[in-house]
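data.pdb follows (PDB, C-alpha atoms and all ligand atoms):
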```
ATOM      1  CA  MET A 528     120.643  93.290  70.153
ATOM      2  CA  THR A 529     118.042  92.965  72.815
ATOM      3  CA  GLY A 530     114.857  94.734  71.822
ATOM      4  CA  THR A 531     112.956  96.366  74.619
ATOM      5  CA  ARG A 532     109.918  94.303  73.786
ATOM      6  CA  THR A 533     111.656  90.941  73.815
ATOM      7  CA  VAL A 534     112.398  88.562  76.667
ATOM      8  CA  ALA A 535     115.781  86.863  76.483
ATOM      9  CA  GLU A 536     115.723  85.077  79.803
ATOM     10  CA  THR A 537     113.462  85.040  82.810
ATOM     11  CA  SER A 538     114.321  84.920  86.461
ATOM     12  CA  LEU A 539     111.302  84.694  88.706
ATOM     13  CA  PRO A 540     111.743  85.400  92.398
ATOM     14  CA  GLY A 541     110.118  82.735  94.526
ATOM     15  CA  LEU A 542     109.905  80.095  91.805
ATOM     16  CA  LYS A 543     112.373  77.283  91.406
ATOM     17  CA  LEU A 544     113.884  77.020  87.936
ATOM     18  CA  VAL A 545     113.658  73.403  86.799
ATOM     19  CA  ARG A 546     115.251  73.798  83.420
ATOM     20  CA  ARG A 547     116.373  76.352  80.907
ATOM     21  CA  GLY A 548     116.081  74.945  77.387
ATOM     22  CA  LYS A 549     117.142  76.571  74.177
ATOM     23  CA  VAL A 550     113.888  78.490  74.073
ATOM     24  CA  ARG A 551     111.846  77.821  77.197
ATOM     25  CA  ASP A 552     112.394  78.400  80.891
ATOM     26  CA  VAL A 553     110.570  75.886  83.069
ATOM     27  CA  TYR A 554     109.684  76.586  86.713
ATOM     28  CA  GLU A 555     108.116  74.632  89.507
ATOM     29  CA  ALA A 556     104.856  76.538  90.107
ATOM     30  CA  ASP A 557     103.610  74.378  92.983
ATOM     31  CA  GLU A 558     103.849  70.691  93.938
ATOM     32  CA  ARG A 559     101.659  69.622  91.063
ATOM     33  CA  HIS A 560     102.225  72.242  88.409
ATOM     34  CA  LEU A 561     104.932  73.683  86.226
ATOM     35  CA  LEU A 562     105.179  77.073  84.596
ATOM     36  CA  VAL A 563     106.533  76.834  81.057
ATOM     37  CA  VAL A 564     107.740  80.216  79.815
ATOM     38  CA  ALA A 565     108.480  80.643  76.117
ATOM     39  CA  THR A 566     111.105  83.369  75.757
ATOM     40  CA  ASP A 567     111.954  85.117  72.489
ATOM     41  CA  ARG A 568     115.211  83.215  72.136
ATOM     42  CA  ILE A 569     115.832  81.620  68.773
ATOM     43  CA  SER A 570     118.267  78.863  67.908
ATOM     44  CA  ALA A 571     119.746  77.902  64.577
ATOM     45  CA  PHE A 572     122.164  75.083  63.811
ATOM     46  CA  ASP A 573     121.650  74.047  67.453
ATOM     47  CA  CYS A 574     123.066  77.316  68.828
ATOM     48  CA  ILE A 575     121.125  79.950  70.710
ATOM     49  CA  LEU A 576     121.526  83.276  68.921
ATOM     50  CA  PRO A 577     122.312  86.448  70.873
ATOM     51  CA  THR A 578     119.402  88.221  69.133
ATOM     52  CA  GLN A 579     115.800  87.652  70.178
ATOM     53  CA  VAL A 580     112.834  87.531  67.849
ATOM     54  CA  GLU A 581     109.956  89.772  68.848
ATOM     55  CA  ARG A 582     106.690  87.990  69.608
ATOM     56  CA  LYS A 583     108.145  84.525  69.091
ATOM     57  CA  GLY A 584     107.386  83.348  72.628
ATOM     58  CA  GLU A 585     103.854  84.604  72.259
ATOM     59  CA  VAL A 586     103.337  82.731  68.986
ATOM     60  CA  LEU A 587     104.731  79.483  70.408
ATOM     61  CA  THR A 588     102.435  79.722  73.402
ATOM     62  CA  ALA A 589      99.310  80.705  71.479
ATOM     63  CA  LEU A 590      99.869  78.036  68.862
ATOM     64  CA  SER A 591     100.421  75.255  71.385
ATOM     65  CA  SER A 592      97.332  76.360  73.223
ATOM     66  CA  PHE A 593      95.352  76.396  69.962
ATOM     67  CA  TRP A 594      96.387  72.833  69.119
ATOM     68  CA  PHE A 595      95.769  71.543  72.649
ATOM     69  CA  GLY A 596      92.206  72.752  72.313
ATOM     70  CA  ARG A 597      91.723  71.550  68.785
ATOM     71  CA  LEU A 598      93.140  68.086  69.495
ATOM     72  CA  ALA A 599      91.588  67.552  72.914
ATOM     73  CA  HIS A 600      89.242  64.911  71.489
ATOM     74  CA  VAL A 601      92.286  62.833  70.468
ATOM     75  CA  THR A 602      94.135  63.058  73.780
ATOM     76  CA  PRO A 603      94.005  64.936  77.074
ATOM     77  CA  ASN A 604      96.895  67.361  77.617
ATOM     78  CA  HIS A 605      98.733  69.154  80.404
ATOM     79  CA  LEU A 606      97.493  72.708  79.841
ATOM     80  CA  VAL A 607      95.607  74.289  82.722
ATOM     81  CA  THR A 608      95.701  77.923  81.627
ATOM     82  CA  THR A 609      97.682  80.513  79.690
ATOM     83  CA  GLU A 610      96.018  83.358  81.599
ATOM     84  CA  VAL A 611      98.497  84.848  84.022
ATOM     85  CA  GLU A 612      95.657  86.286  86.105
ATOM     86  CA  LYS A 613      94.560  82.732  86.938
ATOM     87  CA  MET A 614      98.013  81.589  88.000
ATOM     88  CA  PRO A 615      99.466  81.523  91.551
ATOM     89  CA  ASP A 616     100.683  84.719  93.256
ATOM     90  CA  ALA A 617     104.363  84.075  92.564
ATOM     91  CA  VAL A 618     103.571  84.015  88.849
ATOM     92  CA  ARG A 619     101.267  87.004  88.914
ATOM     93  CA  ALA A 620     103.992  89.015  90.608
ATOM     94  CA  SER A 621     105.790  88.987  87.239
ATOM     95  CA  ALA A 622     102.617  89.233  85.182
ATOM     96  CA  ASP A 623     103.852  91.841  82.710
ATOM     97  CA  GLU A 624     106.863  89.806  81.727
ATOM     98  CA  LEU A 625     104.961  86.526  81.566
ATOM     99  CA  ARG A 626     101.690  87.496  79.908
ATOM    100  CA  GLY A 627     101.077  85.729  76.610
ATOM    101  CA  ARG A 628     104.155  83.547  76.866
ATOM    102  CA  SER A 629     103.354  81.274  79.791
ATOM    103  CA  MET A 630     101.600  77.973  80.221
ATOM    104  CA  PHE A 631     100.563  76.754  83.651
ATOM    105  CA  VAL A 632     100.566  72.970  83.257
ATOM    106  CA  ARG A 633     100.016  69.766  85.176
ATOM    107  CA  ARG A 634     103.364  68.322  86.127
ATOM    108  CA  THR A 635     103.874  64.767  84.906
ATOM    109  CA  GLU A 636     106.375  61.987  84.976
ATOM    110  CA  VAL A 637     107.754  62.340  81.454
ATOM    111  CA  PHE A 638     108.240  59.288  79.229
ATOM    112  CA  PRO A 639     111.868  59.603  78.130
ATOM    113  CA  VAL A 640     111.069  59.212  74.449
ATOM    114  CA  GLU A 641     110.425  61.833  71.803
ATOM    115  CA  CYS A 642     107.411  60.713  69.796
ATOM    116  CA  VAL A 643     108.304  61.797  66.287
ATOM    117  CA  VAL A 644     105.885  61.383  63.391
ATOM    118  CA  ARG A 645     107.038  61.899  59.829
ATOM    119  CA  GLY A 646     104.836  62.351  56.797
ATOM    120  CA  TYR A 647     107.684  63.528  54.564
ATOM    121  CA  LEU A 648     111.327  62.637  54.104
ATOM    122  CA  ALA A 649     113.536  65.286  55.725
ATOM    123  CA  GLY A 650     116.262  65.865  58.282
ATOM    124  CA  SER A 651     117.625  62.822  60.078
ATOM    125  CA  GLY A 652     114.921  60.672  58.433
ATOM    126  CA  TRP A 653     116.268  61.541  54.995
ATOM    127  CA  LYS A 654     119.824  60.777  56.167
ATOM    128  CA  ASP A 655     118.775  57.393  57.594
ATOM    129  CA  TYR A 656     116.847  56.555  54.423
ATOM    130  CA  LEU A 657     119.840  57.384  52.218
ATOM    131  CA  ALA A 658     122.107  55.211  54.336
ATOM    132  CA  THR A 659     119.812  52.225  54.925
ATOM    133  CA  GLY A 660     116.573  52.552  52.948
ATOM    134  CA  GLU A 661     114.680  52.669  56.238
ATOM    135  CA  ILE A 662     113.862  54.921  59.158
ATOM    136  CA  CYS A 663     113.590  53.409  62.642
ATOM    137  CA  GLY A 664     112.813  49.991  61.172
ATOM    138  CA  HIS A 665     110.250  51.261  58.644
ATOM    139  CA  LYS A 666     111.247  49.856  55.268
ATOM    140  CA  LEU A 667     110.432  52.520  52.674
ATOM    141  CA  PRO A 668     109.981  52.302  48.895
ATOM    142  CA  GLU A 669     113.131  52.733  46.810
ATOM    143  CA  GLY A 670     113.868  55.879  44.844
ATOM    144  CA  LEU A 671     112.256  58.457  47.143
ATOM    145  CA  THR A 672     113.735  61.931  46.810
ATOM    146  CA  GLU A 673     114.483  64.404  49.593
ATOM    147  CA  SER A 674     111.269  65.939  51.008
ATOM    148  CA  ALA A 675     109.106  63.316  49.245
ATOM    149  CA  LYS A 676     105.743  62.540  50.777
ATOM    150  CA  LEU A 677     105.831  59.125  52.428
ATOM    151  CA  PRO A 678     103.205  56.512  51.500
ATOM    152  CA  GLY A 679     101.751  57.158  54.961
ATOM    153  CA  PRO A 680     102.929  58.810  58.185
ATOM    154  CA  ILE A 681     105.398  56.785  60.226
ATOM    155  CA  PHE A 682     106.232  56.789  63.921
ATOM    156  CA  THR A 683     109.986  57.231  64.427
ATOM    157  CA  PRO A 684     110.763  57.614  68.135
ATOM    158  CA  ALA A 685     113.979  59.165  69.394
ATOM    159  CA  THR A 686     115.659  59.306  72.739
ATOM    160  CA  LYS A 687     115.965  62.637  74.485
ATOM    161  CA  ALA A 688     119.656  63.408  74.426
ATOM    162  CA  GLU A 689     120.708  65.715  77.272
ATOM    163  CA  SER A 690     123.000  67.530  74.902
ATOM    164  CA  GLY A 691     123.504  67.385  71.193
ATOM    165  CA  HIS A 692     121.293  65.588  68.744
ATOM    166  CA  ASP A 693     118.517  63.200  69.629
ATOM    167  CA  GLU A 694     119.089  59.627  68.548
ATOM    168  CA  ASN A 695     116.550  57.818  66.406
ATOM    169  CA  ILE A 696     115.574  54.497  67.948
ATOM    170  CA  GLY A 697     113.456  51.670  66.637
ATOM    171  CA  GLU A 698     110.164  50.723  68.183
ATOM    172  CA  ALA A 699     111.865  47.642  69.673
ATOM    173  CA  ARG A 700     114.167  49.873  71.711
ATOM    174  CA  MET A 701     111.239  52.046  72.754
ATOM    175  CA  ARG A 702     109.459  48.936  74.054
ATOM    176  CA  GLU A 703     112.485  48.215  76.247
ATOM    177  CA  ILE A 704     112.371  51.743  77.647
ATOM    178  CA  VAL A 705     108.648  52.278  78.301
ATOM    179  CA  GLY A 706     107.091  48.828  77.773
ATOM    180  CA  ASP A 707     104.816  47.374  75.084
ATOM    181  CA  GLU A 708     101.569  48.860  76.238
ATOM    182  CA  VAL A 709     102.830  52.424  76.538
ATOM    183  CA  THR A 710     104.680  52.138  73.214
ATOM    184  CA  GLU A 711     101.509  51.176  71.411
ATOM    185  CA  ARG A 712      99.489  53.836  73.096
ATOM    186  CA  LEU A 713     102.004  56.609  72.356
ATOM    187  CA  ARG A 714     102.424  55.463  68.768
ATOM    188  CA  GLU A 715      98.704  55.373  68.037
ATOM    189  CA  THR A 716      98.071  58.681  69.766
ATOM    190  CA  SER A 717     100.996  60.379  68.002
ATOM    191  CA  LEU A 718      99.868  59.133  64.591
ATOM    192  CA  ALA A 719      96.290  60.212  65.229
ATOM    193  CA  LEU A 720      97.423  63.683  66.340
ATOM    194  CA  TYR A 721      99.652  64.076  63.305
ATOM    195  CA  ARG A 722      97.013  62.924  60.832
ATOM    196  CA  GLU A 723      94.452  65.313  62.169
ATOM    197  CA  ALA A 724      96.839  68.289  62.388
ATOM    198  CA  GLU A 725      98.409  67.610  58.998
ATOM    199  CA  ALA A 726      95.066  67.520  57.202
ATOM    200  CA  TYR A 727      93.926  70.678  58.965
ATOM    201  CA  ALA A 728      97.153  72.617  58.253
ATOM    202  CA  ARG A 729      97.317  71.542  54.628
ATOM    203  CA  GLU A 730      93.957  73.146  53.918
ATOM    204  CA  ARG A 731      95.443  76.338  55.298
ATOM    205  CA  GLY A 732      98.560  76.305  53.178
ATOM    206  CA  ILE A 733     101.048  74.690  55.547
ATOM    207  CA  ILE A 734     102.592  71.246  55.209
ATOM    208  CA  ILE A 735     103.540  69.723  58.542
ATOM    209  CA  ALA A 736     106.373  67.565  57.278
ATOM    210  CA  ASP A 737     107.106  66.081  60.679
ATOM    211  CA  THR A 738     106.618  66.832  64.324
ATOM    212  CA  LYS A 739     107.602  65.742  67.804
ATOM    213  CA  PHE A 740     105.277  65.052  70.715
ATOM    214  CA  GLU A 741     106.054  64.342  74.349
ATOM    215  CA  PHE A 742     103.830  62.534  76.798
ATOM    216  CA  GLY A 743     103.807  62.059  80.531
ATOM    217  CA  ARG A 744     101.806  60.382  83.270
ATOM    218  CA  ASP A 745      99.873  62.715  85.539
ATOM    219  CA  ASP A 746      99.166  62.130  89.215
ATOM    220  CA  SER A 747      96.036  60.124  88.410
ATOM    221  CA  CYS A 748      98.181  57.872  86.195
ATOM    222  CA  ARG A 749      96.616  59.197  83.007
ATOM    223  CA  ILE A 750      98.820  59.453  79.943
ATOM    224  CA  ILE A 751      98.625  63.025  78.650
ATOM    225  CA  LEU A 752     100.213  65.141  75.930
ATOM    226  CA  ILE A 753     102.752  67.587  77.397
ATOM    227  CA  ASP A 754     105.369  70.138  76.330
ATOM    228  CA  GLU A 755     104.656  72.305  73.283
ATOM    229  CA  ALA A 756     102.473  71.029  70.453
ATOM    230  CA  LEU A 757     102.832  71.474  66.711
ATOM    231  CA  THR A 758     104.802  74.710  66.765
ATOM    232  CA  PRO A 759     107.449  75.714  64.236
ATOM    233  CA  ASP A 760     110.017  74.836  66.928
ATOM    234  CA  SER A 761     108.845  71.239  67.350
ATOM    235  CA  SER A 762     107.844  70.610  63.731
ATOM    236  CA  ARG A 763     108.908  71.217  60.162
ATOM    237  CA  PHE A 764     106.386  73.578  58.588
ATOM    238  CA  TRP A 765     106.680  74.092  54.843
ATOM    239  CA  PRO A 766     104.709  76.562  52.732
ATOM    240  CA  ALA A 767     102.448  74.275  50.676
ATOM    241  CA  ASP A 768     102.434  76.502  47.601
ATOM    242  CA  ARG A 769     106.203  76.245  47.267
ATOM    243  CA  TYR A 770     106.481  72.507  47.886
ATOM    244  CA  ALA A 771     108.942  70.946  45.425
ATOM    245  CA  PRO A 772     110.368  67.552  46.411
ATOM    246  CA  GLY A 773     113.873  66.688  45.226
ATOM    247  CA  GLY A 774     115.757  68.926  47.671
ATOM    248  CA  PRO A 775     115.382  70.683  51.001
ATOM    249  CA  GLN A 776     112.286  72.864  51.406
ATOM    250  CA  PRO A 777     112.281  76.428  52.699
ATOM    251  CA  SER A 778     111.499  76.319  56.389
ATOM    252  CA  PHE A 779     108.480  78.381  57.271
ATOM    253  CA  ASP A 780     109.984  80.215  60.177
ATOM    254  CA  LYS A 781     113.761  80.135  60.224
ATOM    255  CA  GLN A 782     114.658  80.343  56.558
ATOM    256  CA  PHE A 783     115.692  84.001  56.726
ATOM    257  CA  VAL A 784     117.845  83.241  59.730
ATOM    258  CA  ARG A 785     119.543  80.248  58.155
ATOM    259  CA  ASP A 786     120.034  82.000  54.818
ATOM    260  CA  TYR A 787     121.594  84.971  56.545
ATOM    261  CA  LEU A 788     123.879  82.837  58.723
ATOM    262  CA  GLU A 789     125.019  80.913  55.653
ATOM    263  CA  THR A 790     126.332  84.171  54.155
ATOM    264  CA  LEU A 791     128.693  84.594  57.122
ATOM    265  CA  ASP A 792     132.013  83.047  57.757
ATOM    266  CA  TRP A 793     130.769  81.313  60.933
ATOM    267  CA  ASP A 794     131.679  77.731  61.848
ATOM    268  CA  LYS A 795     128.217  77.020  63.378
ATOM    269  CA  ARG A 796     129.668  76.749  66.837
ATOM    270  CA  PRO A 797     128.927  78.974  69.806
ATOM    271  CA  PRO A 798     129.052  81.880  70.144
ATOM    272  CA  ALA A 799     126.598  82.552  67.341
ATOM    273  CA  PRO A 800     126.587  85.924  65.593
ATOM    274  CA  PRO A 801     123.766  88.449  66.084
ATOM    275  CA  LEU A 802     121.007  88.939  63.521
ATOM    276  CA  PRO A 803     120.462  92.213  61.695
ATOM    277  CA  GLU A 804     117.229  94.018  62.457
ATOM    278  CA  ASP A 805     115.614  93.179  59.085
ATOM    279  CA  VAL A 806     116.287  89.456  59.506
ATOM    280  CA  SER A 807     114.750  89.291  62.964
ATOM    281  CA  ALA A 808     111.785  91.424  61.817
ATOM    282  CA  ALA A 809     111.190  89.120  58.840
ATOM    283  CA  THR A 810     111.310  86.159  61.210
ATOM    284  CA  THR A 811     108.709  87.736  63.488
ATOM    285  CA  ALA A 812     106.514  88.239  60.430
ATOM    286  CA  ARG A 813     106.851  84.563  59.502
ATOM    287  CA  TYR A 814     105.927  83.339  62.982
ATOM    288  CA  LEU A 815     102.895  85.619  62.989
ATOM    289  CA  GLU A 816     101.935  84.416  59.529
ATOM    290  CA  ALA A 817     102.114  80.779  60.615
ATOM    291  CA  TYR A 818      99.817  81.632  63.496
ATOM    292  CA  ARG A 819      97.403  83.521  61.257
ATOM    293  CA  LEU A 820      97.265  80.804  58.608
ATOM    294  CA  LEU A 821      96.726  78.034  61.118
ATOM    295  CA  THR A 822      94.231  79.705  63.392
ATOM    296  CA  GLY A 823      92.570  82.126  60.962
ATOM    297  CA  LYS A 824      93.179  84.924  63.477
ATOM    298  CA  GLU A 825      95.687  87.719  63.988
ATOM    299  CA  LEU A 826      97.667  87.417  67.179
TER     300      LEU A 826
HETATM  301  N1  LIG B 901     103.696  68.675  81.861
HETATM  302  C1  LIG B 901     105.000  68.446  81.982
HETATM  303  N2  LIG B 901     105.465  67.704  83.010
HETATM  304  C2  LIG B 901     106.795  67.491  83.157
HETATM  305  N3  LIG B 901     107.737  67.962  82.310
HETATM  306  C3  LIG B 901     107.329  68.697  81.253
HETATM  307  C4  LIG B 901     105.935  68.969  81.045
HETATM  308  N4  LIG B 901     105.838  69.710  79.910
HETATM  309  C5  LIG B 901     107.090  69.890  79.454
HETATM  310  N5  LIG B 901     107.994  69.276  80.252
HETATM  311  C6  LIG B 901     109.453  69.251  80.071
HETATM  312  O1  LIG B 901     109.910  70.567  80.044
HETATM  313  C7  LIG B 901     111.113  70.613  79.319
HETATM  314  C8  LIG B 901     111.096  71.791  78.384
HETATM  315  O2  LIG B 901     112.383  72.167  78.230
HETATM  316  P1  LIG B 901     113.224  72.016  76.903
HETATM  317  O3  LIG B 901     114.639  71.888  77.318
HETATM  318  O4  LIG B 901     112.660  71.041  75.943
HETATM  319  O5  LIG B 901     113.021  73.447  76.348
HETATM  320  P2  LIG B 901     113.200  73.917  74.900
HETATM  321  O6  LIG B 901     113.099  75.374  75.001
HETATM  322  O7  LIG B 901     112.260  73.150  74.019
HETATM  323  O8  LIG B 901     114.707  73.564  74.577
HETATM  324  P3  LIG B 901     115.364  72.517  73.603
HETATM  325  O9  LIG B 901     115.282  73.153  72.262
HETATM  326  O10 LIG B 901     116.749  72.458  74.157
HETATM  327  O11 LIG B 901     114.583  71.243  73.691
HETATM  328  C9  LIG B 901     111.246  69.299  78.582
HETATM  329  O12 LIG B 901     112.251  68.535  79.194
HETATM  330  C10 LIG B 901     109.886  68.647  78.763
HETATM  331  O13 LIG B 901     109.975  67.254  78.825
HETATM  332 MG    MG B 902     112.389  70.940  73.763
END
```

Could I get this structure in the form of structure tokens?
Amino acid sequence: MTGTRTVAETSLPGLKLVRRGKVRDVYEADERHLLVVATDRISAFDCILPTQVERKGEVLTALSSFWFGRLAHVTPNHLVTTEVEKMPDAVRASADELRGRSMFVRRTEVFPVECVVRGYLAGSGWKDYLATGEICGHKLPEGLTESAKLPGPIFTPATKAESGHDENIGEARMREIVGDEVTERLRETSLALYREAEAYARERGIIIADTKFEFGRDDSCRIILIDEALTPDSSRFWPADRYAPGGPQPSFDKQFVRDYLETLDWDKRPPAPPLPEDVSAATTARYLEAYRLLTGKEL
């Protein structure tokens, strides 16, 4: 089902498409800028679903923009504007489609490392811990249960896999890829961003269990935060009032989707089945709620 108010895919005349991700379409806006468009696509179990989720692209964009502003004292970032009216002509030509879901950003040379910070034991971190007692070289206390809070947040970089799952790497490997100085800088910045965001979100009823940052070097050689920031797509958000370590936690945004898909006889390989109207509507409500809780405003 493609709702009339959703955007499944964009195609912008006059702009070169750089990349179509699972959720975002990225265009070259001019020599120094990119246009990052968050569509309403949703993925689950690593597959893009044929159903879109109303307002999702808007929430992702508004939330990233909120965090970029809120965390600007920790690190500079790539965002120039989310206002379509201030973007170049080629963008404004498709203003109606792009409004609310687009970020005009400084183009950077991306460091090919995903800067993951984990405050809780989940996902691939939990799997690594079960197998080895550590994550990316961080030796952890024995006897932690799934979703347990870690003694302190840890930096667990991963490589950006072109397809499939990202691979967790140790800091030693990261040093080989980007050098010692950049590794330290990205680690300290990532940890500082996480600490600040985690404390803020927790007071508003959301646990940020983990998150992924990306950084790049801009044309004045500054290291800046890029991509999306602290959204439900790049982080694990858990409702704080339902936190119960000892098993997986309900995901803030996609739980309805996953629960529904688990009721089907689907092998989790493409093509993915469509979502019923009530499941996609409930998912919209969850994205909007995350936005409202975190920012204190209705979108
Ligand atoms: N300022 C920037 N300069 C250069 N590249 C950037 C910048 N901001 C984001 N990017 C890149 O844009 C791309 C966004 O596309 P990506 O494939 O991650 O989309 P996505 O919708 O998140 O999909 P997926 O779920 O497959 O990751 C990333 O490769 C990211 O590194
Ligand atoms: Mg991505």

Exercise. One decimal, Å: what's the distance from CA of Pro772 (chain A) over to CA of Ser651 (chain A), could you say?
Key: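 Going from CA of Pro772 (chain A) over to CA of Ser651 (chain A) covers 16.2 Å.
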
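For the structure shown here, the set of residues caught by the PyMOL selection byres (((not hetatm)) within 9 of (chain B and resi 902)) is Gly548, Lys549, Val550, Arg551, Asp754, Glu755, Asp760 and Ser761 of chain A.
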
Quiz item: Can you tell me which residues sit at most 7 Å away from ligand LIG 901 (chain B), counting all atoms listed in the file, written as a list in words?
Solution: Arg546, Arg547, Gly548, Lys549, Val550, Arg551, Asp552, Val553, Leu561, His605, Val632, Arg633, Arg634, Thr635, Glu636, Val637, Glu741, Gly743, Ile753 and Asp754 of chain A

Could you work out an axis-aligned bounding box for all listed atoms of region 593-604 of chain A, with 8 Å added on each of the six sides, and give its centre and edge lengths in Å to one decimal, as lines of an AutoDock Vina configuration file?
```
center_x = 93.1
center_y = 69.6
center_z = 73.2
size_x = 23.7
size_y = 29.6
size_z = 24.8
```

Quiz item: Which residue gives the smallest distance to Arg597 (chain A) among A:Glu723, A:Leu752, A:Glu555, A:Thr810, with all atoms listed in the file counted?
Solution: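 Once distances to Arg597 (chain A) are computed over all atoms listed in the file, the minimum belongs to A:Glu723.
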
Exercise. Mind listing whatever residues come within 12 Å of the point (95.1, 81.2, 87.5)? Use only C-alpha atoms, file coordinates, and give them as a PyMOL selection string.
Key: chain A and resi 556+560+562+606-619+622+626+629-632

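Those DNA, RNA and protein residues that approach the point (109.1, 87.8, 62.4) to within 8 Å, considering all atoms listed in the file, are Val580, Glu581, Arg582, Lys583, Asp780, Val806, Ser807, Ala808, Ala809, Thr810, Thr811, Ala812, Arg813, Tyr814 and Leu815 of chain A.
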
Practice problem: Between CA of Ala675 (chain A) and CA of Ile734 (chain A), measure the distance and give it in Å to one decimal. | Solution: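 CA of Ala675 (chain A) sits 11.9 Å away from CA of Ile734 (chain A).
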
Practice problem: Could you check which of A:Thr790, A:Ser621, A:Thr672, A:Thr588 is closest to Thr566 (chain A), using all atoms listed in the file? | Solution: A:Thr588

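Picture a line from CA of Ala767 (chain A) to CA of Ala724 (chain A); it runs 14.3 Å.
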
Quiz item: Near Ser570 (chain A), within 10 Å and counting all atoms listed in the file, which residues show up once chain neighbours fewer than 6 positions away are dropped, as a PyMOL selection string?
Solution: chain A and resi 549-550+576-579+760+781+784-785+799

Can those selected residues be exported to a file as a tab-separated table (two decimals), keeping the file's coordinate frame so that it contains C-alpha atoms?
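File produced: out.tsv:
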```tsv
chain	number	residue	atom	x	y	z
A	549	LYS	CA	117.14	76.57	74.18
A	550	VAL	CA	113.89	78.49	74.07
A	576	LEU	CA	121.53	83.28	68.92
A	577	PRO	CA	122.31	86.45	70.87
A	578	THR	CA	119.40	88.22	69.13
A	579	GLN	CA	115.80	87.65	70.18
A	760	ASP	CA	110.02	74.84	66.93
A	781	LYS	CA	113.76	80.14	60.22
A	784	VAL	CA	117.84	83.24	59.73
A	785	ARG	CA	119.54	80.25	58.16
A	799	ALA	CA	126.60	82.55	67.34
```

Quiz prompt | Residues matched by the PyMOL selection byres (((chain A and resi 681) around 8) and not hetatm) as a ChimeraX atom specification | solution = /A:644-646,665,679-680,682-683,718

Output the residue selection produced by the PyMOL selection byres (((chain A and resi 686) around 9) and not hetatm) on the file above, formatted as a PDB file with C-alpha atoms, keeping the file's coordinate frame.
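See part24.pdb below for the written result:
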```
ATOM      1  CA  PRO A 639     111.868  59.603  78.130  1.00  0.00           C
ATOM      2  CA  VAL A 640     111.069  59.212  74.449  1.00  0.00           C
ATOM      3  CA  GLU A 641     110.425  61.833  71.803  1.00  0.00           C
ATOM      4  CA  CYS A 642     107.411  60.713  69.796  1.00  0.00           C
ATOM      5  CA  PRO A 684     110.763  57.614  68.135  1.00  0.00           C
ATOM      6  CA  ALA A 685     113.979  59.165  69.394  1.00  0.00           C
ATOM      7  CA  LYS A 687     115.965  62.637  74.485  1.00  0.00           C
ATOM      8  CA  ALA A 688     119.656  63.408  74.426  1.00  0.00           C
ATOM      9  CA  ASP A 693     118.517  63.200  69.629  1.00  0.00           C
ATOM     10  CA  GLU A 694     119.089  59.627  68.548  1.00  0.00           C
ATOM     11  CA  ASN A 695     116.550  57.818  66.406  1.00  0.00           C
ATOM     12  CA  ILE A 696     115.574  54.497  67.948  1.00  0.00           C
ATOM     13  CA  MET A 701     111.239  52.046  72.754  1.00  0.00           C
TER      14      MET A 701
END
```

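Between Glu730 (chain A) and the candidates A:Glu711, A:Glu669, A:Glu585, A:Asp768, the tightest atom-to-atom separation, counting all atoms listed in the file, involves A:Asp768.
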
Exercise. Compile the contact shell of Phe593 (chain A) as a list in words: residues with an atom at most 10 Å away, counting only C-alpha atoms, same-chain residues fewer than 4 positions apart removed.
Key: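 So the residues in contact are Leu587, Thr588, Ala589, Arg597, Leu598, Ala756, Leu757, Tyr818, Leu821 and Thr822 of chain A.
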
Quiz item: Out of A:Tyr554, A:Phe572, A:Phe764, A:Phe742, which residue has the shortest atom-to-atom distance to Leu788 (chain A) when counting all atoms listed in the file?
Solution: A:Phe572

Exercise. Name the closest residue to Gly650 (chain A) among the candidates A:Leu544, A:Ile662, A:Leu802, A:Ala535; distances are taken between atoms, counting all atoms listed in the file.
Key: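 That would be A:Ile662, the residue with the smallest distance to Gly650 (chain A).
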